[in-house]
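Q: Provided below: upload18.cif, containing mmCIF, C-alpha atoms.
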```cif
data_query
loop_
_atom_site.label_atom_id
_atom_site.label_comp_id
_atom_site.auth_asym_id
_atom_site.auth_seq_id
_atom_site.Cartn_x
_atom_site.Cartn_y
_atom_site.Cartn_z
CA MET A 1 130.91 151.03 57.27
CA ALA A 2 130.17 149.86 60.83
CA SER A 3 133.01 151.96 62.26
CA SER A 4 131.70 155.01 60.38
CA ILE A 5 128.22 154.51 61.86
CA ASN A 6 129.70 154.05 65.36
CA SER A 7 131.79 157.21 64.96
CA GLU A 8 128.70 159.15 63.89
CA ARG A 9 126.74 157.87 66.89
CA THR A 10 129.59 158.80 69.24
CA ALA A 11 129.70 162.29 67.74
CA ASP A 12 125.93 162.59 68.19
CA ARG A 13 126.12 161.59 71.86
CA LEU A 14 129.02 163.91 72.65
CA TYR A 15 127.41 166.78 70.78
CA GLY A 16 124.17 166.16 72.68
CA LEU A 17 126.05 166.59 75.96
CA ILE A 18 127.68 169.81 74.75
CA ALA A 19 124.50 171.19 73.19
CA ASN A 20 122.51 170.29 76.32
CA GLU A 21 119.28 169.68 74.44
CA GLU A 22 117.06 166.69 73.74
CA ASP A 23 117.52 166.87 69.98
CA ALA A 24 121.24 167.36 69.44
CA ARG A 25 120.65 168.13 65.77
CA ALA A 26 118.12 170.89 66.42
CA CYS A 27 119.19 174.14 64.81
CA THR A 28 117.49 177.37 63.99
CA ASP A 29 119.25 178.89 60.99
CA LEU A 30 120.58 176.01 58.86
CA PRO A 31 118.98 173.87 56.12
CA ASP A 32 117.81 170.41 57.20
CA SER A 33 120.61 168.71 55.25
CA ALA A 34 123.22 170.79 57.11
CA CYS A 35 121.56 170.10 60.47
CA ARG A 36 122.08 166.37 60.03
CA GLU A 37 125.82 166.89 59.72
CA VAL A 38 126.21 169.32 62.64
CA PRO A 39 127.63 166.87 65.26
CA ARG A 40 130.32 165.53 62.92
CA ASN A 41 131.20 168.99 61.58
CA PHE A 42 131.31 170.40 65.12
CA PHE A 43 134.07 168.02 66.19
CA LEU A 44 136.03 168.30 62.94
CA VAL A 45 136.11 172.08 63.25
CA LEU A 46 136.87 171.80 66.98
CA ALA A 47 139.86 169.50 66.41
CA SER A 48 141.18 171.73 63.62
CA LEU A 49 140.98 174.84 65.79
CA VAL A 50 142.64 173.15 68.77
CA LEU A 51 145.59 172.03 66.62
CA THR A 52 146.11 175.44 65.04
CA LYS A 53 145.86 177.26 68.37
CA LEU A 54 148.50 174.89 69.74
CA GLY A 55 150.65 175.55 66.69
CA ASP A 56 150.30 179.29 67.31
CA LEU A 57 151.84 178.78 70.75
CA LEU A 58 154.81 176.90 69.35
CA ILE A 59 155.71 179.75 66.95
CA SER A 60 154.49 182.67 69.07
CA PRO A 61 156.26 185.87 67.91
CA LYS A 62 156.13 187.19 71.48
CA THR A 63 158.11 184.24 72.84
CA VAL A 64 159.54 181.49 70.62
CA LEU A 65 160.31 183.54 67.48
CA ALA A 66 161.68 186.42 69.55
CA TRP A 67 164.03 184.04 71.39
CA LEU A 68 164.90 182.41 68.08
CA LEU A 69 165.98 185.65 66.39
CA ASN A 70 168.11 186.53 69.39
CA ALA A 71 169.63 183.04 69.34
CA VAL A 72 170.64 183.24 65.65
CA GLY A 73 172.08 186.75 66.11
CA ALA A 74 169.39 188.96 64.55
CA PRO A 75 167.93 190.88 67.54
CA ALA A 76 167.09 194.01 65.53
CA LEU A 77 164.42 192.07 63.60
CA VAL A 78 162.44 191.18 66.74
CA ALA A 79 160.50 194.46 66.55
CA TRP A 80 158.93 193.36 63.25
CA LEU A 81 157.52 190.05 64.45
CA VAL A 82 154.22 191.04 66.10
CA PRO A 83 153.21 193.74 63.54
CA ILE A 84 153.84 191.35 60.63
CA ARG A 85 152.15 188.43 62.39
CA GLU A 86 148.96 190.40 63.10
CA SER A 87 148.63 193.03 60.36
CA GLY A 88 149.99 190.80 57.61
CA SER A 89 146.99 188.51 58.01
CA LEU A 90 144.41 191.27 58.50
CA ILE A 91 145.13 194.02 55.96
CA PRO A 92 144.75 191.91 52.74
CA GLN A 93 141.46 190.39 53.85
CA MET A 94 139.20 192.66 51.83
CA VAL A 95 140.75 191.32 48.63
CA ILE A 96 140.86 187.78 50.01
CA GLY A 97 137.24 188.03 51.19
CA ALA A 98 135.98 189.27 47.82
CA TRP A 99 137.67 186.30 46.16
CA VAL A 100 136.53 183.73 48.72
CA ARG A 101 132.86 184.74 48.61
CA ARG A 102 132.66 184.00 44.87
CA LYS A 103 133.10 180.29 45.65
CA PRO A 104 130.08 178.29 46.89
CA VAL A 105 132.26 176.08 49.15
CA ARG A 106 134.88 177.88 51.25
CA LYS A 107 136.43 175.14 53.39
CA TRP A 108 139.20 174.59 50.84
CA PHE A 109 140.50 178.11 51.47
CA TRP A 110 140.95 177.25 55.14
CA THR A 111 142.67 173.97 54.27
CA LEU A 112 145.04 175.63 51.80
CA GLY A 113 145.70 178.38 54.33
CA ALA A 114 146.64 175.77 56.94
CA PHE A 115 148.98 174.03 54.49
CA GLY A 116 150.50 177.41 53.58
CA GLN A 117 151.20 178.14 57.23
CA ALA A 118 152.78 174.70 57.63
CA LEU A 119 155.07 175.29 54.64
CA SER A 120 156.10 178.71 55.99
CA VAL A 121 157.02 177.22 59.36
CA VAL A 122 159.10 174.51 57.63
CA VAL A 123 161.03 177.31 55.87
CA MET A 124 161.65 178.91 59.28
CA ALA A 125 162.98 175.62 60.65
CA ALA A 126 165.29 175.20 57.66
CA SER A 127 166.56 178.79 57.87
CA VAL A 128 167.73 178.51 61.49
CA TRP A 129 169.27 175.08 60.85
CA PHE A 130 171.24 175.96 57.71
CA LEU A 131 171.84 179.72 58.16
CA GLU A 132 172.80 182.12 60.93
CA GLY A 133 172.79 185.82 61.76
CA TYR A 134 170.66 188.21 59.73
CA ALA A 135 170.48 185.78 56.81
CA ALA A 136 168.58 183.33 59.03
CA GLY A 137 166.59 186.10 60.73
CA GLY A 138 165.61 187.72 57.44
CA LEU A 139 164.36 184.42 56.06
CA VAL A 140 162.33 183.84 59.24
CA VAL A 141 160.69 187.25 58.86
CA ALA A 142 160.05 186.64 55.12
CA ALA A 143 158.47 183.28 55.94
CA LEU A 144 156.34 185.02 58.59
CA VAL A 145 154.97 187.34 55.89
CA ILE A 146 153.82 184.30 53.87
CA PHE A 147 152.52 182.71 57.07
CA SER A 148 150.40 185.79 57.82
CA LEU A 149 148.95 185.91 54.31
CA ALA A 150 148.00 182.22 54.52
CA ARG A 151 146.46 182.92 57.90
CA GLY A 152 144.32 185.59 56.28
CA PHE A 153 142.61 182.96 54.11
CA CYS A 154 141.85 180.90 57.23
CA SER A 155 140.49 183.90 59.09
CA VAL A 156 138.05 184.83 56.33
CA ALA A 157 136.95 181.26 55.59
CA ILE A 158 136.46 179.99 59.16
CA LYS A 159 133.67 182.39 60.09
CA ASP A 160 131.72 181.64 56.94
CA VAL A 161 132.15 177.86 57.21
CA GLN A 162 131.27 178.01 60.90
CA GLY A 163 128.19 180.08 60.11
CA LYS A 164 127.07 177.54 57.47
CA CYS A 165 127.85 174.36 59.42
CA ILE A 166 127.31 175.24 63.11
CA PRO A 167 123.90 176.56 64.25
CA LYS A 168 123.40 179.84 66.04
CA GLY A 169 123.66 179.32 69.77
CA ARG A 170 126.48 176.73 69.43
CA ARG A 171 129.23 178.83 67.84
CA GLY A 172 130.43 180.53 71.00
CA ARG A 173 130.89 177.26 72.87
CA LEU A 174 132.75 175.80 69.87
CA SER A 175 135.31 178.61 70.05
CA GLY A 176 135.35 178.39 73.83
CA LEU A 177 136.03 174.65 73.88
CA ALA A 178 138.78 175.01 71.26
CA THR A 179 140.51 177.70 73.32
CA THR A 180 140.07 175.70 76.54
CA PHE A 181 141.55 172.49 75.12
CA ALA A 182 144.38 174.38 73.41
CA GLY A 183 145.10 176.30 76.62
CA ALA A 184 145.32 173.11 78.65
CA LEU A 185 147.66 171.50 76.11
CA THR A 186 149.68 174.72 76.01
CA ALA A 187 150.22 174.61 79.76
CA LEU A 188 151.34 170.98 79.55
CA LEU A 189 153.71 171.63 76.64
CA THR A 190 155.14 174.72 78.35
CA VAL A 191 156.13 172.62 81.33
CA VAL A 192 157.50 169.76 79.21
CA LEU A 193 159.43 171.87 76.69
CA PHE A 194 160.64 174.86 78.69
CA TRP A 195 160.82 173.84 82.34
CA ASP A 196 164.36 174.00 83.81
CA ARG A 197 165.88 174.50 80.35
CA GLY A 198 168.87 176.69 79.62
CA ASP A 199 169.51 178.33 76.28
CA PRO A 200 167.89 175.96 73.70
CA SER A 201 169.98 174.65 70.81
CA MET A 202 169.17 175.25 67.13
CA LEU A 203 168.10 171.60 66.93
CA PHE A 204 165.52 172.25 69.66
CA TYR A 205 164.13 175.26 67.79
CA SER A 206 164.04 173.39 64.47
CA LEU A 207 162.21 170.40 65.96
CA LEU A 208 159.80 172.74 67.74
CA LEU A 209 158.96 174.48 64.46
CA LEU A 210 158.59 171.17 62.60
CA LEU A 211 156.20 169.98 65.32
CA ALA A 212 154.12 173.13 64.80
CA ALA A 213 154.12 172.60 61.01
CA SER A 214 152.81 169.04 61.45
CA LEU A 215 149.92 170.37 63.56
CA TRP A 216 148.78 172.64 60.71
CA VAL A 217 148.99 169.80 58.19
CA ILE A 218 146.79 167.57 60.38
CA ALA A 219 144.37 170.44 61.03
CA GLY A 220 144.04 171.19 57.31
CA THR A 221 143.38 167.55 56.54
CA LEU A 222 140.65 167.31 59.19
CA PHE A 223 139.01 170.54 58.03
CA ALA A 224 138.85 169.24 54.46
CA ALA A 225 136.49 166.52 55.75
CA VAL A 226 133.88 169.07 56.91
CA ASP A 227 130.57 168.59 55.06
CA GLU A 228 129.82 172.11 53.81
CA TYR A 229 126.81 172.87 51.62
CA ASP A 230 127.00 175.32 48.72
CA GLY A 231 126.52 178.90 49.84
CA GLU A 232 125.71 182.19 48.18
CA THR A 233 128.13 183.64 45.62
CA SER A 234 128.46 187.04 44.04
CA GLY A 235 128.88 187.18 40.30
CA GLY A 236 131.11 189.36 38.16
CA GLY A 237 133.73 191.92 39.05
CA ASN A 238 137.27 191.37 40.18
CA ALA A 239 138.35 190.83 43.77
CA LEU A 240 140.13 194.19 44.14
CA LYS A 241 137.15 196.21 42.84
CA GLU A 242 134.74 194.30 45.06
CA ALA A 243 137.07 194.82 48.00
CA VAL A 244 137.09 198.59 47.47
CA ASP A 245 133.32 198.61 47.01
CA ASN A 246 132.90 196.74 50.29
CA PHE A 247 134.41 199.67 52.16
CA GLY A 248 131.01 201.26 51.57
CA LEU A 249 129.66 199.01 54.32
CA LEU A 250 131.31 201.31 56.85
CA ARG A 251 129.25 204.18 55.48
CA THR A 252 125.92 202.47 54.86
CA ASP A 253 125.70 199.84 57.62
CA ARG A 254 125.38 201.61 60.97
CA LEU A 255 125.52 198.47 63.13
CA PHE A 256 128.61 197.17 61.34
CA ARG A 257 130.34 200.55 61.66
CA HIS A 258 129.57 200.62 65.39
CA TYR A 259 130.96 197.08 65.72
CA VAL A 260 134.24 198.04 63.98
CA VAL A 261 134.70 201.07 66.23
CA THR A 262 134.06 198.91 69.30
CA ARG A 263 136.48 196.22 68.12
CA ALA A 264 139.16 198.87 67.50
CA LEU A 265 138.84 200.21 71.05
CA LEU A 266 139.02 196.67 72.44
CA LEU A 267 142.51 196.22 70.95
CA CYS A 268 143.69 197.39 74.36
CA SER A 269 143.44 193.86 75.78
CA ALA A 270 146.02 192.58 73.26
CA LEU A 271 148.35 195.58 73.18
CA ALA A 272 148.76 195.96 76.95
CA ALA A 273 150.08 192.45 77.67
CA PRO A 274 153.74 192.96 76.61
CA TYR A 275 154.07 195.98 78.93
CA PHE A 276 153.05 193.88 81.92
CA VAL A 277 155.94 191.57 81.02
CA VAL A 278 158.34 194.52 80.67
CA LEU A 279 157.45 195.85 84.12
CA SER A 280 157.95 192.39 85.61
CA GLN A 281 161.36 192.09 83.95
CA GLN A 282 162.37 195.47 85.33
CA GLN A 283 161.34 194.31 88.77
CA THR A 284 163.07 190.91 88.91
CA GLY A 285 165.17 190.38 85.78
CA SER A 286 164.60 186.63 86.27
CA VAL A 287 164.27 184.48 83.15
CA TRP A 288 162.07 181.96 85.01
CA GLN A 289 159.24 184.48 85.04
CA LEU A 290 158.86 184.10 81.27
CA GLY A 291 157.63 180.55 81.88
CA ILE A 292 155.25 181.88 84.52
CA PHE A 293 153.75 184.30 82.00
CA LEU A 294 153.36 181.50 79.44
CA LEU A 295 151.59 179.36 82.02
CA ALA A 296 149.42 182.29 83.08
CA ALA A 297 148.25 182.85 79.49
CA SER A 298 147.58 179.13 78.99
CA LEU A 299 145.66 178.68 82.24
CA ALA A 300 143.64 181.83 81.65
CA SER A 301 142.51 180.51 78.27
CA SER A 302 141.77 176.98 79.46
CA LEU A 303 139.88 178.10 82.57
CA SER A 304 137.84 180.93 81.07
CA ALA A 305 137.27 180.32 77.36
CA SER A 306 134.46 177.78 77.66
CA VAL A 307 132.68 179.97 80.21
CA TRP A 308 132.99 182.95 77.87
CA GLY A 309 131.79 180.74 74.99
CA TRP A 310 128.60 179.66 76.77
CA MET A 311 127.97 183.26 77.80
CA ALA A 312 128.54 184.45 74.21
CA ASP A 313 125.80 182.12 72.95
CA ALA A 314 123.41 183.90 75.31
CA SER A 315 124.73 187.41 74.59
CA SER A 316 128.01 188.08 72.76
CA ARG A 317 127.45 191.79 73.39
CA GLN A 318 127.49 191.24 77.16
CA VAL A 319 130.70 189.20 76.84
CA MET A 320 132.40 192.10 75.04
CA ILE A 321 131.20 194.50 77.75
CA ARG A 322 132.44 192.30 80.59
CA GLY A 323 135.75 191.54 78.86
CA ALA A 324 136.34 195.24 78.22
CA MET A 325 135.45 196.11 81.82
CA LEU A 326 137.92 193.53 83.13
CA ALA A 327 140.69 194.56 80.71
CA SER A 328 140.38 198.30 81.35
CA GLY A 329 140.07 197.74 85.11
CA ILE A 330 143.27 195.69 85.42
CA CYS A 331 145.18 198.09 83.14
CA LEU A 332 144.15 201.11 85.20
CA LEU A 333 144.92 199.27 88.45
CA VAL A 334 148.40 198.25 87.30
CA GLY A 335 149.08 201.65 85.74
CA PHE A 336 148.08 203.77 88.73
CA ALA A 337 149.66 201.38 91.28
CA THR A 338 152.99 201.48 89.45
CA LEU A 339 152.75 205.24 88.92
CA LEU A 340 152.09 205.93 92.61
CA ALA A 341 154.87 203.55 93.65
CA GLY A 342 157.35 205.35 91.40
CA GLY A 343 158.46 202.07 89.82
CA PRO A 344 157.62 198.35 89.61
CA PHE A 345 155.00 197.62 92.26
CA GLY A 346 154.21 194.68 94.54
CA GLY A 347 155.85 191.30 94.87
CA VAL A 348 157.11 189.03 92.10
CA TRP A 349 153.58 187.66 91.55
CA PHE A 350 151.82 191.00 91.08
CA TYR A 351 152.46 191.44 87.35
CA PRO A 352 152.02 187.74 86.43
CA GLY A 353 148.75 187.80 88.39
CA ALA A 354 147.62 190.93 86.58
CA PHE A 355 148.69 189.34 83.29
CA PHE A 356 146.52 186.32 84.15
CA VAL A 357 143.47 188.56 84.68
CA LEU A 358 144.20 190.48 81.47
CA SER A 359 144.47 187.17 79.56
CA ILE A 360 141.04 186.14 80.86
CA ALA A 361 139.66 189.50 79.72
CA HIS A 362 141.30 189.15 76.31
CA ALA A 363 139.79 185.66 75.86
CA GLY A 364 136.36 187.17 76.55
CA VAL A 365 136.88 190.10 74.19
CA ARG A 366 138.02 187.80 71.36
CA LEU A 367 135.21 185.28 71.80
CA GLY A 368 132.60 187.99 72.21
CA ARG A 369 133.50 189.98 69.12
CA LYS A 370 133.98 186.86 66.94
CA THR A 371 130.61 185.40 67.96
CA TYR A 372 128.93 188.80 67.57
CA LEU A 373 130.16 189.15 63.98
CA VAL A 374 129.04 185.63 62.96
CA ASP A 375 125.59 186.12 64.55
CA MET A 376 125.20 189.64 63.16
CA ALA A 377 125.50 188.63 59.50
CA GLY A 378 124.27 185.94 57.12
CA GLY A 379 125.09 184.75 53.61
CA ASN A 380 127.74 186.78 51.82
CA LYS A 381 127.49 189.55 54.40
CA ARG A 382 129.33 187.35 56.87
CA THR A 383 132.36 187.10 54.57
CA ASP A 384 132.18 190.80 53.68
CA TYR A 385 131.92 191.85 57.32
CA THR A 386 134.87 189.65 58.28
CA SER A 387 137.17 190.83 55.50
CA VAL A 388 136.33 194.54 55.82
CA SER A 389 136.59 194.62 59.62
CA ASN A 390 139.84 192.65 59.65
CA THR A 391 141.42 194.92 57.03
CA VAL A 392 140.42 198.05 58.91
CA ILE A 393 141.60 196.61 62.22
CA GLY A 394 144.92 195.59 60.63
CA LEU A 395 145.53 199.18 59.54
CA LEU A 396 144.44 200.54 62.92
CA LEU A 397 146.70 198.02 64.64
CA LEU A 398 149.71 199.47 62.84
CA ALA A 399 148.61 202.99 63.72
CA THR A 400 147.93 202.10 67.35
CA GLY A 401 151.25 200.27 67.53
CA GLY A 402 153.00 203.42 66.34
CA LEU A 403 151.10 205.49 68.90
CA THR A 404 152.00 203.16 71.78
CA ALA A 405 155.64 203.19 70.62
CA LEU A 406 155.64 206.98 70.94
CA VAL A 407 153.90 206.92 74.33
CA SER A 408 156.39 204.29 75.54
CA LEU A 409 159.11 206.92 75.15
CA ILE A 410 157.49 208.51 78.21
CA SER A 411 157.12 205.24 80.14
CA GLU A 412 155.54 201.79 80.02
CA VAL A 413 153.12 202.95 82.70
CA ALA A 414 151.85 205.74 80.42
CA VAL A 415 151.11 203.16 77.70
CA ILE A 416 149.18 200.93 80.12
CA LEU A 417 147.09 203.89 81.36
CA VAL A 418 146.30 205.05 77.80
CA LEU A 419 145.23 201.51 76.87
CA GLY A 420 143.19 201.25 80.07
CA PHE A 421 141.16 204.33 79.17
CA MET A 422 140.88 203.03 75.60
CA GLY A 423 139.33 199.83 76.95
CA LEU A 424 136.94 201.87 79.08
CA ALA A 425 135.76 203.67 75.95
CA GLY A 426 135.37 200.27 74.27
CA MET A 427 133.16 199.08 77.12
CA PHE A 428 130.79 202.04 76.72
CA SER A 429 130.80 201.56 72.94
CA ALA A 430 129.85 197.86 73.36
CA MET A 431 126.98 198.88 75.64
CA GLY A 432 125.45 200.74 72.70
CA LEU A 433 125.53 197.74 70.36
CA LYS A 434 122.34 195.90 69.40
CA GLU A 435 121.76 192.37 70.73
CA VAL A 436 122.15 189.74 67.99
CA SER A 437 122.61 186.41 69.83
CA VAL A 438 119.99 183.66 69.70
CA GLY A 439 119.26 184.09 73.40
CA ASN A 440 118.05 187.61 72.69
CA ASP A 441 116.26 187.10 69.34
#
```
Hey, can you dump this file as structure tokens for me?
A:
Amino acid sequence: MASSINSERTADRLYGLIANEEDARACTDLPDSACREVPRNFFLVLASLVLTKLGDLLISPKTVLAWLLNAVGAPALVAWLVPIRESGSLIPQMVIGAWVRRKPVRKWFWTLGAFGQALSVVVMAASVWFLEGYAAGGLVVAALVIFSLARGFCSVAIKDVQGKCIPKGRRGRLSGLATTFAGALTALLTVVLFWDRGDPSMLFYSLLLLLAASLWVIAGTLFAAVDEYDGETSGGGNALKEAVDNFGLLRTDRLFRHYVVTRALLLCSALAAPYFVVLSQQQTGSVWQLGIFLLAASLASSLSASVWGWMADASSRQVMIRGAMLASGICLLVGFATLLAGGPFGGVWFYPGAFFVLSIAHAGVRLGRKTYLVDMAGGNKRTDYTSVSNTVIGLLLLATGGLTALVSLISEVAVILVLGFMGLAGMFSAMGLKEVSVGND
């Protein structure tokens, strides 16, 4: 009992420092009972997010899983990793969201989603240990499909739980702190696990995946302890019908439609990154640069995310604008510099440096659009907005991926330039959005 009281007091003091206000429990849009639990919930959600972000690094389809499929002898399956990882969790979210919103307490969906991701990663570890070739690779890809579906439950539930348990004006810094801590731990783990290492053994990959699985189990357990009050529910109907009906939001809700268009244009910050790596590989062909890119992404997140988070609490719209400006600017700079040079441009640090800037921009875009959506909606609308926008973006991601694949037949530079102009359009679209953050109420 005494330790519980001491833990609560510690949480209150730490939250007071983060909130930077005299009454650390003050909140503007939550019931009094929920306000009393804000400090404890804040740190439970924070710890859960840090652990899952760290787990995402350890099974990143752009790095670890790609290397893994090559190592087991299934290189042709590498092309499926990123589309499945992203779209597999986004496209089903209208159905998932319609189901989730019928339950008054949604934290259990996040917990089950975390456990589902852990189980999928264990299957990956077992497949590379007991199988080889395309049998192992196929099972990894199949497990990734299940992983993505489980991730979809987490994606829908987290925004609603965060909106019910964390007050407006504190949500951006929560996401920012989680990304900062995870980025710092990512940088440390990158050095420890990958520095001066040759071709890793299957035992190394299996242990790495099992470590990631344990992080999701711990995160799910912590999240289950969040004190969430009963929320609104919608009665009647089945999940699929409600999901189809929710598409009407794109027609009837002008602000939401504008947000979805803006978010689609801001996909440029995520899609451009691999082409920076490709240009760097063409320039040097050195394997050591892969570690440099991993460190660049980690440092960019840890150094910028909290700053973006604090800024998002003041104006998430401005964060999207600034992130889009930075992303489009660095894409156009890299694209035109490489085009004018007739090939890879600058020294060995040019593309990693540009990648670092792009990663900072991407952190801002992600934090800005996530905070904007949570602040824009309330009650069941928050879940509906999340599920509809994620489903639409998942479909557009596949379409945009196909488009960039076609443009890449011309050159990587052409892809970067197209994405740069796409980001520029996203910046202008974000400028037209309405302010919804607490600092502008």
Q: What does the PyMOL selection byres ((chain A and resi 205) around 9) select in this file, as a list in words?
A: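 So the PyMOL selection byres ((chain A and resi 205) around 9), applied here, picks out Val64, Leu68, Ala125, Val128, Trp129, Pro200, Ser201, Met202, Leu203, Phe204, Ser206, Leu207, Leu208, Leu209 and Leu210 of chain A.
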Q: What does the distance between atom CA of Leu367 of chain A and atom CA of Leu396 of chain A come to in Å, to one decimal place?
A: 19.9 Å
Q: Grab the atom CA of Ser411 of chain A to atom CA of Phe276 of chain A distance for me, in Å with one decimal place.
A: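 Between these atoms lies a distance of 12.2 Å.
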Q: May I have the residues within 10 Å of Gly394 of chain A as an MDAnalysis selection string, using only C-alpha atoms and disregarding those fewer than 2 positions away in the same chain?
A: chainID A and resid 83:84 86:93 264 388:392 396:400
Q: Under the rule that all atoms listed in the file are counted, which of A:Leu81, A:Val95, A:Met422, A:Leu185 is the nearest residue to Asn246 of chain A?
A: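 Nearest candidate to Asn246 of chain A out of A:Leu81, A:Val95, A:Met422, A:Leu185: A:Val95.
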Q: Counting only C-alpha atoms, which residues have an atom no more than 8 Å from (141.8, 196.0, 81.7) in the file's coordinates? Please list them as a list of chain:residue names.
A: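 It turns out the residues near that spot are A:Cys268, A:Ser269, A:Ala324, A:Met325, A:Leu326, A:Ala327, A:Ser328, A:Gly329, A:Ile330, A:Cys331, A:Leu332, A:Leu358, A:Ala361, A:Gly420, A:Gly423.
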Q: Just the residues within 9 Å of Leu49 of chain A, please, counting all atoms listed in the file, with nothing from its chain fewer than 5 positions along; format it as a PyMOL selection string.
A: chain A and resi 44+54+175+178-179+182+219
Q: Around (171.9, 185.2, 63.1) in the file's own coordinates, what residues are found within 6 Å if you use only C-alpha atoms, given back as a short mmCIF file (atom, residue, chain, number, x, y, z; two decimals) with C-alpha atoms, in the frame of the given file?
A:
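Result written to out-v2.cif:
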```cif
data_model
loop_
_atom_site.label_atom_id
_atom_site.label_comp_id
_atom_site.auth_asym_id
_atom_site.auth_seq_id
_atom_site.Cartn_x
_atom_site.Cartn_y
_atom_site.Cartn_z
CA VAL A 72 170.64 183.24 65.65
CA GLY A 73 172.08 186.75 66.11
CA ALA A 74 169.39 188.96 64.55
CA GLU A 132 172.80 182.12 60.93
CA GLY A 133 172.79 185.82 61.76
CA TYR A 134 170.66 188.21 59.73
CA ALA A 136 168.58 183.33 59.03
CA GLY A 137 166.59 186.10 60.73
#
```
Q: Name the closest residue to Val50 of chain A among the candidates A:Gly116, A:Gly323, A:Gly364, A:Gly176; distances are taken between atoms, counting all atoms listed in the file.
A: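 Smallest distance to Val50 of chain A is found for A:Gly176.
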